[in-house]
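Pasted below: work-v7.pdb, PDB, C-alpha atoms.
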MODEL        1
ATOM      1  CA  MET A   1      -2.811  -8.305   9.755
ATOM      2  CA  SER A   2       0.642  -8.375  11.272
ATOM      3  CA  GLY A   3       2.114 -11.798  11.928
ATOM      4  CA  LEU A   4       0.224 -13.556   9.123
ATOM      5  CA  LYS A   5       2.131 -16.733   8.239
ATOM      6  CA  VAL A   6       2.724 -16.695   4.471
ATOM      7  CA  LEU A   7       4.310 -19.353   2.276
ATOM      8  CA  VAL A   8       5.428 -18.238  -1.168
ATOM      9  CA  ALA A   9       5.796 -21.548  -2.985
ATOM     10  CA  CYS A  10       8.009 -22.041  -6.020
ATOM     11  CA  GLU A  11       9.635 -18.615  -5.716
ATOM     12  CA  TYR A  12      13.398 -18.149  -5.925
ATOM     13  CA  SER A  13      13.410 -14.341  -6.482
ATOM     14  CA  GLY A  14      12.068 -13.420  -3.042
ATOM     15  CA  ARG A  15      10.009 -10.609  -4.594
ATOM     16  CA  VAL A  16       6.597 -11.704  -3.270
ATOM     17  CA  ARG A  17       8.077 -12.939   0.016
ATOM     18  CA  ASP A  18       9.802  -9.606   0.619
ATOM     19  CA  ALA A  19       6.615  -7.632  -0.150
ATOM     20  CA  PHE A  20       4.840  -9.572   2.617
ATOM     21  CA  LEU A  21       7.793  -9.191   4.993
ATOM     22  CA  ARG A  22       7.720  -5.394   4.481
ATOM     23  CA  GLY A  23       4.042  -5.526   5.442
ATOM     24  CA  GLY A  24       4.830  -7.160   8.784
ATOM     25  CA  CYS A  25       3.981 -10.750   7.853
ATOM     26  CA  ASP A  26       5.960 -13.846   8.790
ATOM     27  CA  ALA A  27       6.765 -14.893   5.198
ATOM     28  CA  MET A  28       9.012 -17.555   3.726
ATOM     29  CA  SER A  29       9.752 -18.457   0.128
ATOM     30  CA  CYS A  30      10.400 -22.015  -0.992
ATOM     31  CA  ASP A  31      11.954 -23.326  -4.194
ATOM     32  CA  LEU A  32      14.278 -26.021  -5.445
ATOM     33  CA  LEU A  33      16.637 -23.165  -6.367
ATOM     34  CA  PRO A  34      18.453 -20.942  -3.873
ATOM     35  CA  THR A  35      16.890 -17.532  -3.335
ATOM     36  CA  ASP A  36      18.160 -14.562  -5.342
ATOM     37  CA  ALA A  37      17.561 -12.206  -2.385
ATOM     38  CA  THR A  38      18.616 -12.757   1.200
ATOM     39  CA  GLY A  39      15.651 -13.626   3.389
ATOM     40  CA  PRO A  40      13.684 -16.541   4.858
ATOM     41  CA  HIS A  41      13.883 -19.256   2.207
ATOM     42  CA  TYR A  42      13.587 -23.035   2.234
ATOM     43  CA  GLN A  43      15.589 -24.555  -0.600
ATOM     44  CA  GLY A  44      13.872 -27.835  -1.267
ATOM     45  CA  ASP A  45      10.567 -29.446  -2.157
ATOM     46  CA  VAL A  46       7.535 -27.421  -1.060
ATOM     47  CA  ARG A  47       5.871 -30.667   0.068
ATOM     48  CA  ASP A  48       8.368 -30.674   2.950
ATOM     49  CA  VAL A  49       6.784 -27.526   4.432
ATOM     50  CA  LEU A  50       3.117 -27.657   3.357
ATOM     51  CA  ASP A  51       1.933 -29.051   6.714
ATOM     52  CA  TYR A  52       3.168 -26.042   8.701
ATOM     53  CA  PRO A  53       0.175 -23.951   9.906
ATOM     54  CA  TRP A  54       0.322 -21.318   7.139
ATOM     55  CA  ASP A  55      -2.441 -18.710   6.897
ATOM     56  CA  LEU A  56      -1.806 -17.937   3.224
ATOM     57  CA  MET A  57       0.064 -19.524   0.329
ATOM     58  CA  ILE A  58       0.971 -17.748  -2.892
ATOM     59  CA  ALA A  59       2.101 -20.496  -5.287
ATOM     60  CA  HIS A  60       3.890 -20.207  -8.612
ATOM     61  CA  PRO A  61       4.027 -23.816  -9.848
ATOM     62  CA  PRO A  62       6.188 -24.452 -12.922
ATOM     63  CA  CYS A  63       4.293 -23.688 -16.113
ATOM     64  CA  THR A  64       6.596 -25.171 -18.768
ATOM     65  CA  ASP A  65       4.385 -28.218 -19.348
ATOM     66  CA  LEU A  66       1.055 -26.429 -18.758
ATOM     67  CA  SER A  67       1.198 -23.068 -20.543
ATOM     68  CA  VAL A  68      -0.741 -22.789 -23.808
ATOM     69  CA  SER A  69       2.241 -20.952 -25.298
ATOM     70  CA  GLY A  70       3.840 -24.410 -25.493
ATOM     71  CA  ALA A  71       0.815 -26.123 -27.076
ATOM     72  CA  ALA A  72       2.865 -27.266 -30.080
ATOM     73  CA  TRP A  73       4.738 -29.612 -27.696
ATOM     74  CA  PHE A  74       1.730 -30.860 -25.696
ATOM     75  CA  ALA A  75       1.556 -34.276 -27.418
ATOM     76  CA  LYS A  76       5.194 -34.994 -26.597
ATOM     77  CA  LYS A  77       4.783 -33.691 -23.034
ATOM     78  CA  ARG A  78       1.742 -35.930 -22.515
ATOM     79  CA  ALA A  79       3.474 -38.951 -24.056
ATOM     80  CA  VAL A  80       6.260 -38.792 -21.476
ATOM     81  CA  GLY A  81       3.908 -37.869 -18.604
ATOM     82  CA  ALA A  82       5.392 -34.408 -18.029
ATOM     83  CA  GLN A  83       2.117 -32.541 -18.419
ATOM     84  CA  GLN A  84       0.274 -34.955 -16.136
ATOM     85  CA  ALA A  85       2.987 -34.606 -13.467
ATOM     86  CA  SER A  86       2.844 -30.797 -13.652
ATOM     87  CA  ALA A  87      -0.958 -30.805 -13.431
ATOM     88  CA  SER A  88      -0.794 -33.159 -10.444
ATOM     89  CA  PHE A  89       1.677 -30.865  -8.652
ATOM     90  CA  PHE A  90      -0.546 -27.841  -9.399
ATOM     91  CA  MET A  91      -3.526 -29.680  -7.876
ATOM     92  CA  LEU A  92      -1.508 -30.755  -4.820
ATOM     93  CA  LEU A  93      -0.961 -27.065  -4.084
ATOM     94  CA  ALA A  94      -4.570 -26.125  -4.884
ATOM     95  CA  LYS A  95      -5.990 -28.785  -2.563
ATOM     96  CA  SER A  96      -3.692 -28.158   0.393
ATOM     97  CA  ASP A  97      -5.277 -27.416   3.774
ATOM     98  CA  ILE A  98      -4.010 -23.824   3.885
ATOM     99  CA  PRO A  99      -7.075 -21.561   4.415
ATOM    100  CA  CYS A 100      -6.137 -18.888   1.855
ATOM    101  CA  ILE A 101      -4.457 -19.752  -1.440
ATOM    102  CA  ALA A 102      -3.515 -17.969  -4.652
ATOM    103  CA  ILE A 103      -2.049 -20.025  -7.467
ATOM    104  CA  GLU A 104      -0.457 -18.048 -10.282
ATOM    105  CA  ASN A 105       0.196 -19.347 -13.785
ATOM    106  CA  PRO A 106      -0.006 -18.059 -17.346
ATOM    107  CA  VAL A 107      -2.975 -19.032 -19.506
ATOM    108  CA  CYS A 108      -2.708 -22.808 -19.309
ATOM    109  CA  VAL A 109      -4.427 -26.182 -19.548
ATOM    110  CA  MET A 110      -5.552 -26.020 -15.905
ATOM    111  CA  SER A 111      -8.513 -23.932 -17.117
ATOM    112  CA  SER A 112      -9.852 -27.040 -18.857
ATOM    113  CA  LEU A 113      -8.327 -29.775 -16.670
ATOM    114  CA  TRP A 114      -9.612 -28.209 -13.431
ATOM    115  CA  ARG A 115     -11.499 -24.923 -13.637
ATOM    116  CA  LYS A 116     -11.309 -21.424 -15.025
ATOM    117  CA  PRO A 117      -9.171 -18.985 -13.012
ATOM    118  CA  ASP A 118     -10.872 -16.537 -10.669
ATOM    119  CA  GLN A 119      -9.007 -13.631 -12.218
ATOM    120  CA  VAL A 120      -6.690 -12.765 -15.095
ATOM    121  CA  ILE A 121      -4.359  -9.871 -14.357
ATOM    122  CA  GLN A 122      -1.892  -7.892 -16.465
ATOM    123  CA  PRO A 123       1.261  -6.033 -15.357
ATOM    124  CA  TRP A 124      -0.190  -2.770 -16.739
ATOM    125  CA  MET A 125      -2.919  -2.977 -14.071
ATOM    126  CA  PHE A 126      -0.178  -2.518 -11.436
ATOM    127  CA  GLY A 127       2.038   0.160 -12.979
ATOM    128  CA  HIS A 128       4.185  -1.857 -15.400
ATOM    129  CA  MET A 129       4.067  -0.873 -19.079
ATOM    130  CA  GLU A 130       3.930  -4.473 -20.286
ATOM    131  CA  GLN A 131       1.459  -7.165 -21.292
ATOM    132  CA  LYS A 132       1.592 -10.661 -19.814
ATOM    133  CA  ALA A 133      -1.710 -12.325 -18.977
ATOM    134  CA  THR A 134      -1.443 -14.055 -15.606
ATOM    135  CA  CYS A 135      -4.201 -16.278 -14.226
ATOM    136  CA  LEU A 136      -5.007 -16.462 -10.516
ATOM    137  CA  TRP A 137      -6.911 -19.345  -8.928
ATOM    138  CA  LEU A 138      -8.051 -18.149  -5.507
ATOM    139  CA  LYS A 139      -9.320 -19.719  -2.285
ATOM    140  CA  GLY A 140     -10.412 -17.642   0.697
ATOM    141  CA  ILE A 141      -9.126 -14.321  -0.704
ATOM    142  CA  PRO A 142     -10.657 -11.771  -3.085
ATOM    143  CA  PRO A 143      -9.442 -10.930  -6.586
ATOM    144  CA  LEU A 144      -6.735  -8.268  -6.713
ATOM    145  CA  THR A 145      -7.839  -4.691  -7.269
ATOM    146  CA  PRO A 146      -5.668  -2.869  -9.848
ATOM    147  CA  THR A 147      -3.459  -0.231  -8.224
ATOM    148  CA  ASN A 148      -2.051   1.806 -11.130
ATOM    149  CA  ASP A 149      -3.608   1.242 -14.570
ATOM    150  CA  VAL A 150      -1.115   2.331 -17.251
ATOM    151  CA  LYS A 151      -2.704   0.491 -20.196
ATOM    152  CA  GLU A 152      -3.321   3.652 -22.219
ATOM    153  CA  GLN A 153       0.316   4.745 -22.009
ATOM    154  CA  MET A 154       1.552   1.186 -22.610
ATOM    155  CA  MET A 155      -0.487   0.791 -25.780
ATOM    156  CA  GLN A 156       1.476   3.679 -27.286
ATOM    157  CA  LEU A 157       4.667   1.613 -27.064
ATOM    158  CA  PRO A 158       5.817  -0.646 -29.901
ATOM    159  CA  LYS A 159       4.594  -4.239 -29.540
ATOM    160  CA  ASN A 160       8.093  -5.587 -28.839
ATOM    161  CA  GLN A 161       8.392  -3.230 -25.835
ATOM    162  CA  ARG A 162       4.981  -3.919 -24.297
ATOM    163  CA  GLU A 163       5.527  -7.667 -24.843
ATOM    164  CA  ARG A 164       9.183  -7.512 -23.833
ATOM    165  CA  LEU A 165       9.254 -10.907 -22.136
ATOM    166  CA  HIS A 166       7.840 -12.633 -25.210
ATOM    167  CA  TYR A 167      10.575 -11.108 -27.368
ATOM    168  CA  LEU A 168      13.501 -11.964 -25.099
ATOM    169  CA  PRO A 169      16.237 -13.671 -27.121
ATOM    170  CA  PRO A 170      17.130 -17.261 -26.250
ATOM    171  CA  SER A 171      19.450 -17.423 -23.259
ATOM    172  CA  GLU A 172      20.256 -19.569 -20.258
ATOM    173  CA  ASP A 173      18.250 -17.255 -17.975
ATOM    174  CA  ARG A 174      15.282 -16.536 -20.296
ATOM    175  CA  TRP A 175      12.936 -18.805 -18.313
ATOM    176  CA  LYS A 176      13.907 -17.079 -15.055
ATOM    177  CA  LEU A 177      13.286 -13.607 -16.449
ATOM    178  CA  ARG A 178       9.906 -14.677 -17.847
ATOM    179  CA  SER A 179       8.802 -16.236 -14.549
ATOM    180  CA  GLU A 180       9.533 -13.385 -12.112
ATOM    181  CA  THR A 181       6.571 -11.629 -10.525
ATOM    182  CA  TYR A 182       6.334  -7.919 -11.300
ATOM    183  CA  GLN A 183       6.999  -5.743  -8.239
ATOM    184  CA  GLY A 184       3.666  -3.918  -8.565
ATOM    185  CA  ILE A 185       1.800  -7.231  -8.487
ATOM    186  CA  ALA A 186       3.826  -8.485  -5.504
ATOM    187  CA  ASP A 187       3.114  -5.250  -3.631
ATOM    188  CA  ALA A 188      -0.618  -5.478  -4.411
ATOM    189  CA  MET A 189      -0.751  -9.075  -3.175
ATOM    190  CA  ALA A 190       0.901  -8.117   0.101
ATOM    191  CA  ALA A 191      -1.196  -4.995   0.622
ATOM    192  CA  GLN A 192      -4.535  -6.569  -0.291
ATOM    193  CA  TRP A 193      -4.162 -10.119   1.014
ATOM    194  CA  SER A 194      -2.595  -9.421   4.403
TER     195      SER A 194
ENDMDL
END

Final structure tokens representation of the file:
Amino acid sequence: MSGLKVLVACEYSGRVRDAFLRGGCDAMSCDLLPTDATGPHYQGDVRDVLDYPWDLMIAHPPCTDLSVSGAAWFAKKRAVGAQQASASFFMLLAKSDIPCIAIENPVCVMSSLWRKPDQVIQPWMFGHMEQKATCLWLKGIPPLTPTNDVKEQMMQLPKNQRERLHYLPPSEDRWKLRSETYQGIADAMAAQWS
């Protein structure tokens, strides 16, 4: 559907935005950070642009305080209110008036605080020889259909290669590298949801 108005919330890379733009949609990314790729981008709080008449929102709310991979720090995060604030922001996006919504996050506490995700996808379902479970909470759109299942080939790789993001050494940009959407997933979202 050409001309679909798409908001890609909490995305600095432009990867999902650009996949929708290539498909003929009117797409804009939004993040507190500047975009890594030239294109329509609002640098600021997504709440500033939520009331625009979007047809579809793909949201990637911050997962640092929600992801079960950080469960060892949950008590501290709750004590200072960080987890509650992150859950509240997640729900603000989920309950927005946009007719079609996909919220992406790793396996996280939202499954128990709110509801189970509609789908759990892996990069290997979309042509990437890596494992990284990603949950999708959906409204008004169907689950993604895998486009290029390479699980068999991926499983022949050593664990540190198929779980590359997990094994990244500490660095200033580690969080950015771990949060980027795989191109195959971005392309599937644009092809199947527009």

- Query: Neighbours of Lys5 (chain A) within 9 Å (all atoms listed in the file; same-chain residues fewer than 4 positions away dropped), as JSON, numbers by chain?
  - Reply: {"A": [25, 26, 27, 28, 53, 54, 55, 56, 57]}

- Message: Could you tell me, as a count of residues only, exactly which residues end up selected when the PyMOL selection byres ((chain A and resi 80-93) around 12) is applied to this structure?
- Response: 55

- To verify the selection step, state as number ranges by chain which residues the PyMOL selection byres ((chain A and resi 119) around 9) yields on this input. A: 116-118, 120-121, 134-138, 143-144

Limited to C-alpha atoms, could you put the picked residues into a file as a PDB file, in the coordinates of the input?
ATOM      1  CA  LYS A 116     -11.309 -21.424 -15.025  1.00  0.00           C
ATOM      2  CA  PRO A 117      -9.171 -18.985 -13.012  1.00  0.00           C
ATOM      3  CA  ASP A 118     -10.872 -16.537 -10.669  1.00  0.00           C
ATOM      4  CA  VAL A 120      -6.690 -12.765 -15.095  1.00  0.00           C
ATOM      5  CA  ILE A 121      -4.359  -9.871 -14.357  1.00  0.00           C
ATOM      6  CA  THR A 134      -1.443 -14.055 -15.606  1.00  0.00           C
ATOM      7  CA  CYS A 135      -4.201 -16.278 -14.226  1.00  0.00           C
ATOM      8  CA  LEU A 136      -5.007 -16.462 -10.516  1.00  0.00           C
ATOM      9  CA  TRP A 137      -6.911 -19.345  -8.928  1.00  0.00           C
ATOM     10  CA  LEU A 138      -8.051 -18.149  -5.507  1.00  0.00           C
ATOM     11  CA  PRO A 143      -9.442 -10.930  -6.586  1.00  0.00           C
ATOM     12  CA  LEU A 144      -6.735  -8.268  -6.713  1.00  0.00           C
TER      13      LEU A 144
END

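Distances to Tyr182 (chain A) were evaluated for A:Met125, A:Val150, A:Ile141, A:Cys30 using only C-alpha atoms, and the minimum falls at A:Met125.
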
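With only the atoms specified (all atoms listed in the file) counting, those residues at most 7 Å away from (-2.2, -3.0, -11.4) are Pro123, Trp124, Met125, Phe126, Gly127, Pro146, Thr147, Asn148, Asp149, Gly184 and Ile185 of chain A.
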
- Have a look at CA of Tyr167 (chain A) and CA of Met154 (chain A) and let me know their distance in Å, one decimal. 16.0 Å

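Coordinates place CA of Ala186 (chain A) at a distance of 15.7 Å from CA of Pro106 (chain A).
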